[in-house]
$ cat coords.csv   # CSV, C-alpha atoms
chain,number,residue,atom,x,y,z
E,1,MET,CA,37.6,66.9,54.1
E,2,LYS,CA,38.1,66.8,50.3
E,3,TRP,CA,38.9,63.1,50.4
E,4,LYS,CA,35.6,62.4,52.3
E,5,ILE,CA,33.7,64.2,49.6
E,6,LEU,CA,35.6,62.2,46.9
E,7,ILE,CA,34.7,58.9,48.6
E,8,VAL,CA,31.0,59.9,48.7
E,9,VAL,CA,31.0,60.8,45.0
E,10,LEU,CA,32.7,57.6,44.1
E,11,LEU,CA,30.1,55.7,46.1
E,12,LEU,CA,27.3,57.5,44.4
E,13,ILE,CA,28.7,56.8,41.0
E,14,GLY,CA,29.2,53.1,41.9
E,15,ALA,CA,25.7,52.8,43.2
E,16,ALA,CA,24.3,54.4,40.0
E,17,ALA,CA,26.3,52.0,37.8
E,18,GLY,CA,25.3,49.0,39.9
E,19,TYR,CA,21.6,50.0,39.7
E,20,LYS,CA,21.8,50.4,35.9
E,21,PHE,CA,23.5,47.0,35.6
E,22,TYR,CA,20.8,45.5,37.9
E,23,ASP,CA,18.0,47.1,35.9
E,24,GLU,CA,19.4,45.8,32.6
E,25,THR,CA,19.8,42.3,34.1
E,26,ILE,CA,16.2,42.3,35.2
E,27,GLU,CA,15.0,43.4,31.7
E,28,GLU,CA,17.1,40.7,30.1
E,29,GLU,CA,15.5,38.1,32.4
E,30,LYS,CA,12.1,39.4,31.5
E,31,ALA,CA,12.7,39.1,27.8
E,32,PRO,CA,11.2,36.1,26.0
E,33,VAL,CA,13.5,33.4,24.7
E,34,TYR,CA,12.7,31.8,21.3
E,35,GLU,CA,13.9,28.7,19.7
E,36,THR,CA,14.2,29.5,16.0
E,37,ALA,CA,14.5,27.9,12.6
E,38,LYS,CA,15.3,29.4,9.2
E,39,VAL,CA,13.0,30.1,6.3
E,40,ILE,CA,14.3,28.1,3.4
E,41,ARG,CA,13.5,27.1,-0.2
E,42,LYS,CA,13.4,23.4,-1.0
E,43,ASN,CA,11.6,20.8,-3.1
E,44,LEU,CA,8.6,19.4,-1.2
E,45,ILE,CA,7.1,16.0,-1.8
E,46,LYS,CA,3.7,15.0,-0.3
E,47,THR,CA,3.2,11.3,0.2
E,48,VAL,CA,0.5,8.9,1.3
E,49,SER,CA,1.7,5.7,3.2
E,50,ALA,CA,0.2,2.3,2.6
E,51,THR,CA,1.0,-1.4,3.0
E,52,GLY,CA,0.6,-3.9,0.3
E,53,THR,CA,1.6,-7.4,-0.9
E,54,VAL,CA,3.8,-8.3,-3.9
E,55,GLN,CA,2.0,-10.4,-6.5
E,56,PRO,CA,2.8,-11.8,-9.9
E,57,LYS,CA,0.9,-10.1,-12.7
E,58,ASN,CA,-0.4,-13.4,-13.9
E,59,SER,CA,-0.8,-16.7,-12.1
E,60,VAL,CA,-2.8,-19.8,-12.3
E,61,GLU,CA,-3.7,-22.9,-10.2
E,62,VAL,CA,-3.4,-26.1,-12.1
E,63,SER,CA,-6.0,-28.7,-11.1
E,64,SER,CA,-7.7,-31.7,-12.7
E,65,LYS,CA,-11.1,-32.0,-14.4
E,66,ILE,CA,-11.4,-35.6,-13.3
E,67,THR,CA,-10.9,-37.3,-10.0
E,68,ALA,CA,-7.9,-39.6,-10.1
E,69,ARG,CA,-4.7,-40.5,-8.3
E,70,ILE,CA,-1.6,-38.6,-9.5
E,71,LYS,CA,0.7,-41.1,-11.3
E,72,GLU,CA,3.6,-38.7,-12.1
E,73,VAL,CA,4.6,-35.1,-11.6
E,74,LEU,CA,7.1,-34.0,-14.2
E,75,VAL,CA,8.1,-30.5,-12.9
E,76,GLU,CA,9.7,-29.2,-9.7
E,77,GLU,CA,9.4,-25.9,-7.7
E,78,ASN,CA,11.1,-22.9,-9.4
E,79,GLU,CA,11.2,-24.8,-12.8
E,80,SER,CA,10.3,-22.7,-15.8
E,81,VAL,CA,7.5,-24.1,-18.0
E,82,TYR,CA,5.8,-23.2,-21.3
E,83,ALA,CA,2.2,-23.2,-22.3
E,84,GLY,CA,1.2,-26.8,-23.4
E,85,GLN,CA,4.0,-28.5,-21.6
E,86,VAL,CA,3.0,-31.8,-19.8
E,87,VAL,CA,3.5,-31.2,-16.1
E,88,ALA,CA,1.7,-34.2,-14.5
E,89,ILE,CA,0.0,-37.5,-15.5
E,90,LEU,CA,-2.9,-39.1,-13.7
E,91,ASP,CA,-3.6,-42.8,-13.2
E,92,GLY,CA,-6.5,-43.3,-15.6
E,93,LYS,CA,-7.0,-47.1,-15.7
E,94,ASP,CA,-10.6,-46.8,-14.7
E,95,TYR,CA,-11.3,-44.2,-17.3
E,96,GLU,CA,-9.5,-46.2,-20.0
E,97,ALA,CA,-11.8,-49.2,-19.1
E,98,THR,CA,-14.8,-47.0,-19.3
E,99,ARG,CA,-13.7,-45.8,-22.7
E,100,ASP,CA,-13.3,-49.3,-24.0
E,101,GLN,CA,-16.8,-50.3,-22.7
E,102,ALA,CA,-18.2,-47.2,-24.4
E,103,GLN,CA,-16.5,-48.1,-27.7
E,104,PHE,CA,-18.0,-51.6,-27.5
E,105,ALA,CA,-21.4,-50.2,-26.7
E,106,LEU,CA,-21.2,-47.9,-29.7
E,107,THR,CA,-20.2,-50.7,-32.0
E,108,ASN,CA,-23.2,-52.8,-30.9
E,109,ALA,CA,-25.6,-49.8,-31.1
E,110,LEU,CA,-24.4,-49.1,-34.7
E,111,GLN,CA,-24.9,-52.7,-35.8
E,112,LYS,CA,-28.4,-52.8,-34.3
E,113,LEU,CA,-29.4,-49.5,-35.9
E,114,LYS,CA,-28.3,-50.8,-39.3
E,115,ARG,CA,-30.3,-54.1,-38.9
E,116,ILE,CA,-33.5,-52.3,-37.7
E,117,ASP,CA,-33.2,-49.8,-40.5
E,118,ARG,CA,-33.0,-52.6,-43.1
E,119,LEU,CA,-36.0,-54.3,-41.6
E,120,TYR,CA,-37.9,-51.1,-41.4
E,121,LYS,CA,-37.5,-50.5,-45.1
E,122,ILE,CA,-39.1,-53.9,-45.9
E,123,GLY,CA,-41.9,-53.3,-43.3
E,124,ALA,CA,-40.6,-55.8,-40.7
E,125,LYS,CA,-40.0,-53.1,-38.0
E,126,SER,CA,-42.0,-50.1,-36.9
E,127,LEU,CA,-40.9,-46.5,-37.0
E,128,GLU,CA,-40.8,-46.4,-33.2
E,129,GLU,CA,-38.3,-49.3,-33.0
E,130,LEU,CA,-36.2,-47.5,-35.6
E,131,GLU,CA,-36.3,-44.2,-33.5
E,132,ASP,CA,-35.3,-46.1,-30.4
E,133,ALA,CA,-32.3,-47.7,-32.1
E,134,GLN,CA,-31.2,-44.3,-33.4
E,135,TYR,CA,-31.5,-42.8,-29.9
E,136,ASN,CA,-29.4,-45.7,-28.4
E,137,TYR,CA,-26.8,-45.1,-31.0
E,138,ASP,CA,-26.6,-41.4,-30.4
E,139,LYS,CA,-26.4,-42.0,-26.6
E,140,ALA,CA,-23.6,-44.5,-27.1
E,141,LYS,CA,-21.7,-42.1,-29.3
E,142,THR,CA,-22.0,-39.3,-26.6
E,143,ASP,CA,-20.9,-41.7,-23.9
E,144,LEU,CA,-17.8,-42.6,-25.9
E,145,GLU,CA,-16.9,-38.9,-26.5
E,146,LYS,CA,-17.2,-38.3,-22.8
E,147,ALA,CA,-15.1,-41.3,-21.9
E,148,GLU,CA,-12.4,-40.3,-24.4
E,149,SER,CA,-12.4,-36.7,-23.0
E,150,ASN,CA,-11.8,-38.1,-19.5
E,151,VAL,CA,-8.9,-40.2,-20.8
E,152,ASP,CA,-7.4,-37.1,-22.4
E,153,GLU,CA,-7.7,-35.3,-19.0
E,154,MET,CA,-5.2,-37.8,-17.6
E,155,ILE,CA,-2.5,-35.6,-19.2
E,156,ILE,CA,-2.1,-32.3,-17.3
E,157,THR,CA,-0.5,-29.4,-19.3
E,158,ALA,CA,0.6,-26.0,-18.3
E,159,PRO,CA,-1.9,-23.3,-19.4
E,160,MET,CA,0.7,-20.5,-19.6
E,161,ASP,CA,4.3,-19.7,-19.6
E,162,GLY,CA,5.8,-19.1,-16.2
E,163,VAL,CA,7.6,-20.6,-13.2
E,164,VAL,CA,6.3,-23.3,-10.8
E,165,VAL,CA,5.8,-21.5,-7.5
E,166,GLY,CA,5.5,-23.7,-4.4
E,167,GLU,CA,6.0,-27.4,-4.1
E,168,PRO,CA,3.7,-29.4,-6.4
E,169,LEU,CA,1.8,-32.4,-5.1
E,170,THR,CA,3.6,-35.7,-5.1
E,171,ALA,CA,2.8,-38.9,-7.0
E,172,GLY,CA,0.2,-40.9,-5.2
E,173,SER,CA,-1.8,-37.9,-4.0
E,174,MET,CA,-5.5,-37.9,-5.0
E,175,ALA,CA,-6.6,-35.1,-7.3
E,176,VAL,CA,-10.3,-34.3,-6.8
E,177,GLN,CA,-12.3,-32.5,-9.3
E,178,GLY,CA,-14.8,-29.8,-8.4
E,179,SER,CA,-15.9,-26.3,-9.4
E,180,ASN,CA,-15.8,-25.0,-5.8
E,181,ASN,CA,-12.8,-26.5,-4.2
E,182,PRO,CA,-10.7,-28.7,-6.6
E,183,THR,CA,-7.4,-30.1,-5.6
E,184,VAL,CA,-4.5,-27.8,-6.7
E,185,ILE,CA,-1.7,-29.9,-8.2
E,186,LEU,CA,0.7,-27.0,-8.7
E,187,ARG,CA,0.8,-23.2,-9.2
E,188,ILE,CA,2.4,-21.4,-12.1
E,189,ALA,CA,3.2,-17.7,-12.1
E,190,ASP,CA,4.6,-15.2,-14.6
E,191,LEU,CA,7.3,-13.6,-12.5
E,192,SER,CA,8.6,-11.4,-15.3
E,193,GLU,CA,6.2,-8.7,-14.2
E,194,LYS,CA,5.3,-7.9,-10.6
E,195,LEU,CA,2.5,-6.0,-9.0
E,196,VAL,CA,1.9,-4.6,-5.5
E,197,LYS,CA,-1.7,-4.7,-4.2
E,198,ALA,CA,-2.2,-2.2,-1.3
E,199,LYS,CA,-5.0,-1.1,0.9
E,200,VAL,CA,-5.5,2.7,1.1
E,201,ASP,CA,-7.6,4.4,3.7
E,202,GLU,CA,-10.7,6.2,2.4
E,203,THR,CA,-9.3,9.6,3.7
E,204,ASP,CA,-6.3,9.2,1.3
E,205,ILE,CA,-7.9,7.5,-1.7
E,206,GLY,CA,-9.1,10.8,-3.2
E,207,SER,CA,-5.6,12.1,-3.6
E,208,ILE,CA,-4.3,9.1,-5.6
E,209,LYS,CA,-4.5,9.0,-9.4
E,210,VAL,CA,-3.6,6.4,-12.0
E,211,GLY,CA,0.0,7.0,-13.2
E,212,GLU,CA,1.3,8.5,-10.0
E,213,ARG,CA,4.6,7.1,-8.8
E,214,ALA,CA,5.5,5.4,-5.5
E,215,ASN,CA,8.5,4.1,-3.7
E,216,PHE,CA,8.5,1.1,-1.4
E,217,THR,CA,10.7,-1.2,0.6
E,218,VAL,CA,10.4,-4.8,1.7
E,219,ASP,CA,11.7,-6.4,4.9
E,220,ALA,CA,14.0,-8.8,2.9
E,221,TYR,CA,16.0,-5.9,1.5
E,222,PRO,CA,15.7,-3.0,3.9
E,223,ASP,CA,18.4,-0.9,2.1
E,224,GLU,CA,16.9,-1.4,-1.3
E,225,LYS,CA,14.3,1.1,-2.6
E,226,PHE,CA,11.9,-0.1,-5.3
E,227,SER,CA,9.7,2.1,-7.6
E,228,ALA,CA,6.2,1.5,-8.7
E,229,VAL,CA,3.4,3.2,-10.7
E,230,VAL,CA,-0.3,3.2,-9.9
E,231,SER,CA,-2.0,1.1,-12.5
E,232,LYS,CA,-5.5,0.6,-11.1
E,233,ILE,CA,-7.8,2.0,-8.3
E,234,SER,CA,-10.7,-0.2,-7.2
E,235,GLN,CA,-14.1,1.4,-7.5
E,236,THR,CA,-15.4,-0.5,-4.4
E,237,ASP,CA,-14.1,-0.9,-0.9
E,238,THR,CA,-12.3,-4.1,0.1
E,239,ALA,CA,-15.3,-5.5,2.0
E,240,ASN,CA,-18.0,-4.4,-0.5
E,241,SER,CA,-19.8,-2.8,2.4
E,242,TRP,CA,-22.1,-0.8,0.1
E,243,ASP,CA,-23.7,-4.0,-1.3
E,244,SER,CA,-27.2,-4.2,0.1
E,245,SER,CA,-27.3,-7.9,-0.6
E,246,SER,CA,-24.8,-8.6,2.2
E,247,SER,CA,-26.1,-9.8,5.5
E,248,SER,CA,-27.1,-7.4,8.2
E,249,SER,CA,-24.5,-8.8,10.6
E,250,SER,CA,-21.6,-8.1,8.2
E,251,SER,CA,-23.0,-4.7,7.5
E,252,SER,CA,-23.1,-3.8,11.2
E,253,SER,CA,-19.6,-5.1,11.7
E,254,THR,CA,-18.2,-3.0,8.9
E,255,SER,CA,-20.1,0.2,9.8
E,256,ASN,CA,-17.8,0.9,12.7
E,257,SER,CA,-14.6,-0.2,10.9
E,258,VAL,CA,-12.2,1.8,8.7
E,259,ILE,CA,-13.0,1.7,4.9
E,260,TYR,CA,-10.1,0.7,2.6
E,261,TYR,CA,-9.8,0.5,-1.2
E,262,TYR,CA,-7.4,-1.6,-3.2
E,263,VAL,CA,-4.8,0.2,-5.2
E,264,THR,CA,-2.7,-1.9,-7.7
E,265,PHE,CA,0.8,-0.8,-8.6
E,266,TYR,CA,3.0,-2.0,-11.5
E,267,ALA,CA,6.5,-2.7,-9.9
E,268,PRO,CA,9.5,-3.2,-12.2
E,269,ASP,CA,11.9,-5.7,-10.8
E,270,ASP,CA,15.0,-5.9,-13.0
E,271,LYS,CA,17.1,-7.6,-10.3
E,272,ASN,CA,14.3,-10.2,-9.8
E,273,LEU,CA,14.5,-9.7,-6.0
E,274,LEU,CA,10.8,-9.5,-5.2
E,275,LEU,CA,8.9,-12.7,-4.4
E,276,PRO,CA,5.2,-13.2,-4.2
E,277,ALA,CA,3.6,-12.4,-0.8
E,278,MET,CA,6.4,-10.1,0.4
E,279,THR,CA,5.1,-7.1,2.4
E,280,ALA,CA,5.6,-3.8,0.7
E,281,ARG,CA,5.6,-0.5,2.6
E,282,LEU,CA,4.8,2.2,0.1
E,283,ASP,CA,5.1,6.0,0.0
E,284,ILE,CA,2.8,7.2,-2.8
E,285,ILE,CA,3.8,10.5,-4.2
E,286,VAL,CA,0.6,12.6,-4.5
E,287,GLY,CA,2.1,16.0,-4.8
E,288,GLN,CA,5.3,17.9,-5.6
E,289,SER,CA,6.4,21.6,-5.3
E,290,LYS,CA,9.8,22.7,-6.6
E,291,ASN,CA,11.8,25.4,-4.9
E,292,ALA,CA,9.0,26.2,-2.5
E,293,LEU,CA,9.3,28.8,0.3
E,294,CYS,CA,9.1,26.6,3.4
E,295,VAL,CA,9.0,26.8,7.2
E,296,PRO,CA,9.0,24.0,9.7
E,297,ILE,CA,5.5,22.7,10.4
E,298,GLU,CA,5.9,23.4,14.1
E,299,ALA,CA,6.4,27.1,13.2
E,300,ILE,CA,2.7,27.5,12.0
E,301,LYS,CA,0.3,29.0,14.5
E,302,THR,CA,-3.3,30.1,14.1
E,303,ASP,CA,-5.7,32.6,15.6
E,304,GLY,CA,-9.0,34.2,14.6
E,305,GLN,CA,-7.4,35.9,11.6
E,306,GLY,CA,-5.8,32.8,10.1
E,307,SER,CA,-2.4,31.1,10.0
E,308,TYR,CA,0.8,32.9,10.9
E,309,VAL,CA,4.4,32.6,11.9
E,310,GLU,CA,6.3,34.6,14.5
E,311,LYS,CA,9.2,36.3,12.6
E,312,ILE,CA,12.1,37.0,15.0
E,313,ILE,CA,13.6,40.5,15.0
E,314,LEU,CA,16.7,41.6,16.9
E,315,ASP,CA,17.1,45.1,18.4
E,316,GLU,CA,20.4,47.0,18.6
E,317,ARG,CA,21.3,45.1,21.8
E,318,GLY,CA,20.6,41.7,20.3
E,319,ARG,CA,17.4,41.1,22.1
E,320,GLN,CA,14.7,39.0,20.4
E,321,SER,CA,11.1,40.1,19.7
E,322,ALA,CA,8.5,38.5,17.6
E,323,GLU,CA,6.3,39.9,14.8
E,324,LYS,CA,3.2,38.1,13.5
E,325,VAL,CA,3.4,37.4,9.8
E,326,TYR,CA,0.1,36.1,8.3
E,327,LEU,CA,0.5,33.7,5.4
E,328,THR,CA,-1.1,31.3,3.0
E,329,ILE,CA,-0.5,27.6,3.6
E,330,GLY,CA,0.5,25.5,0.6
E,331,MET,CA,1.5,21.9,0.4
E,332,TYR,CA,2.6,19.9,3.5
E,333,GLY,CA,5.6,17.7,3.5
E,334,GLU,CA,6.9,15.4,6.2
E,335,GLU,CA,8.7,18.2,8.2
E,336,PHE,CA,8.1,21.4,6.2
E,337,VAL,CA,5.1,23.3,4.8
E,338,GLU,CA,5.0,25.5,1.8
E,339,VAL,CA,3.9,29.1,2.6
E,340,THR,CA,3.3,32.4,0.8
E,341,ALA,CA,3.8,35.7,2.6
E,342,ASP,CA,5.0,39.2,1.5
E,343,LYS,CA,7.0,39.8,4.7
E,344,LEU,CA,8.8,36.5,4.7
E,345,ASN,CA,12.1,35.8,2.9
E,346,VAL,CA,14.7,33.1,2.7
E,347,GLY,CA,17.0,33.3,5.7
E,348,ASP,CA,14.5,34.9,8.1
E,349,ASP,CA,14.3,33.4,11.6
E,350,VAL,CA,10.9,32.1,12.8
E,351,SER,CA,9.9,30.8,16.2
E,352,ILE,CA,9.3,27.1,16.5
E,353,THR,CA,8.8,27.2,20.3
E,354,TYR,CA,8.2,29.9,22.9
E,355,GLN,CA,9.3,29.9,26.5
E,356,ALA,CA,8.8,32.8,28.9
E,357,ALA,CA,11.8,33.9,30.8
E,358,GLU,CA,11.9,33.0,34.5
E,359,LYS,CA,10.7,35.8,36.7
E,360,LYS,CA,12.2,36.6,40.1
E,361,SER,CA,9.1,37.8,41.9
E,362,SER,CA,10.8,39.1,45.1
E,363,SER,CA,13.2,41.4,43.3
E,364,ASN,CA,10.7,42.5,40.8
E,365,ASN,CA,8.1,43.3,43.4
E,366,ASN,CA,10.6,45.3,45.5
E,367,ARG,CA,11.6,47.3,42.5
E,368,ARG,CA,7.9,48.1,41.5
E,369,GLY,CA,7.1,49.1,45.1
E,370,GLY,CA,10.0,51.5,45.3
E,371,MET,CA,11.6,49.5,48.1
E,372,GLY,CA,14.9,47.8,47.9
E,373,GLY,CA,17.0,48.1,44.8
E,374,PRO,CA,20.2,46.6,43.7
E,375,PRO,CA,22.0,44.2,46.0
E,376,PRO,CA,24.4,46.0,48.4
E,377,PHE,CA,27.9,46.6,47.2
$ encode --input "coords.csv" --output "structure tokens"
Amino acid sequence: MKWKILIVVLLLIGAAAGYKFYDETIEEEKAPVYETAKVIRKNLIKTVSATGTVQPKNSVEVSSKITARIKEVLVEENESVYAGQVVAILDGKDYEATRDQAQFALTNALQKLKRIDRLYKIGAKSLEELEDAQYNYDKAKTDLEKAESNVDEMIITAPMDGVVVGEPLTAGSMAVQGSNNPTVILRIADLSEKLVKAKVDETDIGSIKVGERANFTVDAYPDEKFSAVVSKISQTDTANSWDSSSSSSSSSSTSNSVIYYYVTFYAPDDKNLLLPAMTARLDIIVGQSKNALCVPIEAIKTDGQGSYVEKIILDERGRQSAEKVYLTIGMYGEEFVEVTADKLNVGDDVSITYQAAEKKSSSNNNRRGGMGGPPPF
């Protein structure tokens, strides 16, 4: 009989232990599971991204003031030149002939003026005839000066020190003068100093100031990082869309487009790697915060009271629970954000995601209804 009682007692103890284990398992399944990240201190940098084009600081297109065929080009692409150096010669036979004719006409006009002046003094010529002779002489003199100027323009010189960029025109090509679209014989650029001209969105232009630094890369040297400094910010957008004198069609087309402003950067290039027209991808540094208290951006949540993070707390059994800690947001970086909060310290765990534990409804419902219980032993 005693051994039967002992078996019953052991069964009751086992059942109680199993139920306790089952209950604890259910509680653990109900507990929320958090993915966490540490609160840290780090230096934050806020940047604005933009795309621009490498340009020489100074450049010039060399063209002719007269229309003539190119007789000789004396420089080649990539050749260094100095201001005043002869870079091309035009074929000016027609202009030389015009100059000789103008010289002959001036000589005749001078002789005629002297003869009429002599006759006028003795009363043989009228004042009107003398004035006509003087006019013809002055006109001939002006024509000669113009003809001589055209002959001088046969010699094309470099207007600045620099390097010939691009292939010059070849001998035999026609150089056409004009104020709107003259023929460009060659281009010269001062490559000792480089600029980057970038377009910046209107939403970012307010955070950029002259003197701020930037880093950029070019496709030709993906592993090379170049530095630059903001030297100029345009006061008008790239399309001058504010100008009321522009046509209504252009105004309507720009009204729905994004507004951009040109920002110019000085870009030192000690290695002389940058070439004109290279595409530069810039990160403009518009803010810095040293040794800032930071959390990952995805840890920030908001409600009606403001921004907060969920600080993770462990109980004596190692189970997680979350406490709302309201904070003040500072500067945003690429992955982290600066925060200020009295209850937040370096090393604290904060939630970056939340996932509810999977619930087993049948077991839970049986337990709440007083039916069932732990699985049979």
$ residues_around --input "coords.csv" --residues "stretch 111-125 of chain E" --least-positions-apart "6" --cutoff "10 Å" --atoms "only C-alpha atoms" --output "list of chain:residue names"
E:Glu131, E:Asp132, E:Ala133, E:Gln134, E:Tyr135, E:Asn136, E:Tyr137
$ write_last_selection --input "coords.csv" --atoms "C-alpha atoms" --output "compact mmCIF listing (two decimals), keeping the file's coordinate frame"
# COMPACT_ATOMS: atom_id res chain seq x y z
CA GLU E 131 -36.30 -44.20 -33.50
CA ASP E 132 -35.30 -46.10 -30.40
CA ALA E 133 -32.30 -47.70 -32.10
CA GLN E 134 -31.20 -44.30 -33.40
CA TYR E 135 -31.50 -42.80 -29.90
CA ASN E 136 -29.40 -45.70 -28.40
CA TYR E 137 -26.80 -45.10 -31.00
$ closest_residue --input "coords.csv" --among "E:Glu76, E:Asp94, E:Asp201, E:Glu212" --to "E:Val286" --atoms "all atoms listed in the file"
E:Glu212
$ closest_residue --input "coords.csv" --among "E:Tyr332, E:Asn58, E:Gly347, E:Met278" --to "E:Ile312" --atoms "all atoms listed in the file"
E:Gly347
$ closest_residue --input "coords.csv" --among "E:Thr217, E:Asn78, E:Asn181, E:Ser231" --to "E:Glu167" --atoms "all atoms listed in the file"
E:Asn78
$ residues_near_point --input "coords.csv" --point "(18.4, -7.9, -1.3)" --cutoff "12 Å" --atoms "all atoms listed in the file" --output "list in words"
Thr217, Val218, Asp219, Ala220, Tyr221, Pro222, Asp223, Glu224, Lys225, Phe226, Asp269, Lys271, Asn272, Leu273, Leu274 and Leu275 of chain E
$ residues_near_point --input "coords.csv" --point "(1.1, 31.7, 5.5)" --cutoff "6 Å" --atoms "all atoms listed in the file" --output "list in words"
Ser307, Tyr308, Tyr326, Leu327, Thr328, Ile329, Val339, Thr340 and Ala341 of chain E
$ closest_atom_pairs --input "coords.csv" --of "stretch 218-292 of chain E" --to "stretch 29-43 of chain E" --cutoff "8 Å" --atoms "all atoms listed in the file" --output "JSON lines"
{"residue": "E:Gln288", "atom": "CA", "partner": "E:Asn43", "partner_atom": "CA", "distance": 7.4}
{"residue": "E:Ser289", "atom": "CA", "partner": "E:Asn43", "partner_atom": "CA", "distance": 5.7}
{"residue": "E:Lys290", "atom": "CA", "partner": "E:Asn43", "partner_atom": "CA", "distance": 4.4}
{"residue": "E:Asn291", "atom": "CA", "partner": "E:Lys42", "partner_atom": "CA", "distance": 4.7}
{"residue": "E:Ala292", "atom": "CA", "partner": "E:Arg41", "partner_atom": "CA", "distance": 5.1}
$ residues_around --input "coords.csv" --residues "E:Pro159" --least-positions-apart "2" --cutoff "8 Å" --atoms "only C-alpha atoms" --output "CSV table (one decimal) with C-alpha atoms, keeping the file's coordinate frame"
chain,number,residue,atom,x,y,z
E,60,VAL,CA,-2.8,-19.8,-12.3
E,62,VAL,CA,-3.4,-26.1,-12.1
E,82,TYR,CA,5.8,-23.2,-21.3
E,83,ALA,CA,2.2,-23.2,-22.3
E,84,GLY,CA,1.2,-26.8,-23.4
E,157,THR,CA,-0.5,-29.4,-19.3
E,161,ASP,CA,4.3,-19.7,-19.6
$ atom_distance --input "coords.csv" --atom1 "atom CA of E:Ala322" --atom2 "atom CA of E:Val350"
8.4 Å
$ atom_distance --input "coords.csv" --atom1 "atom CA of E:Leu106" --atom2 "atom CA of E:Ala175"
29.6 Å
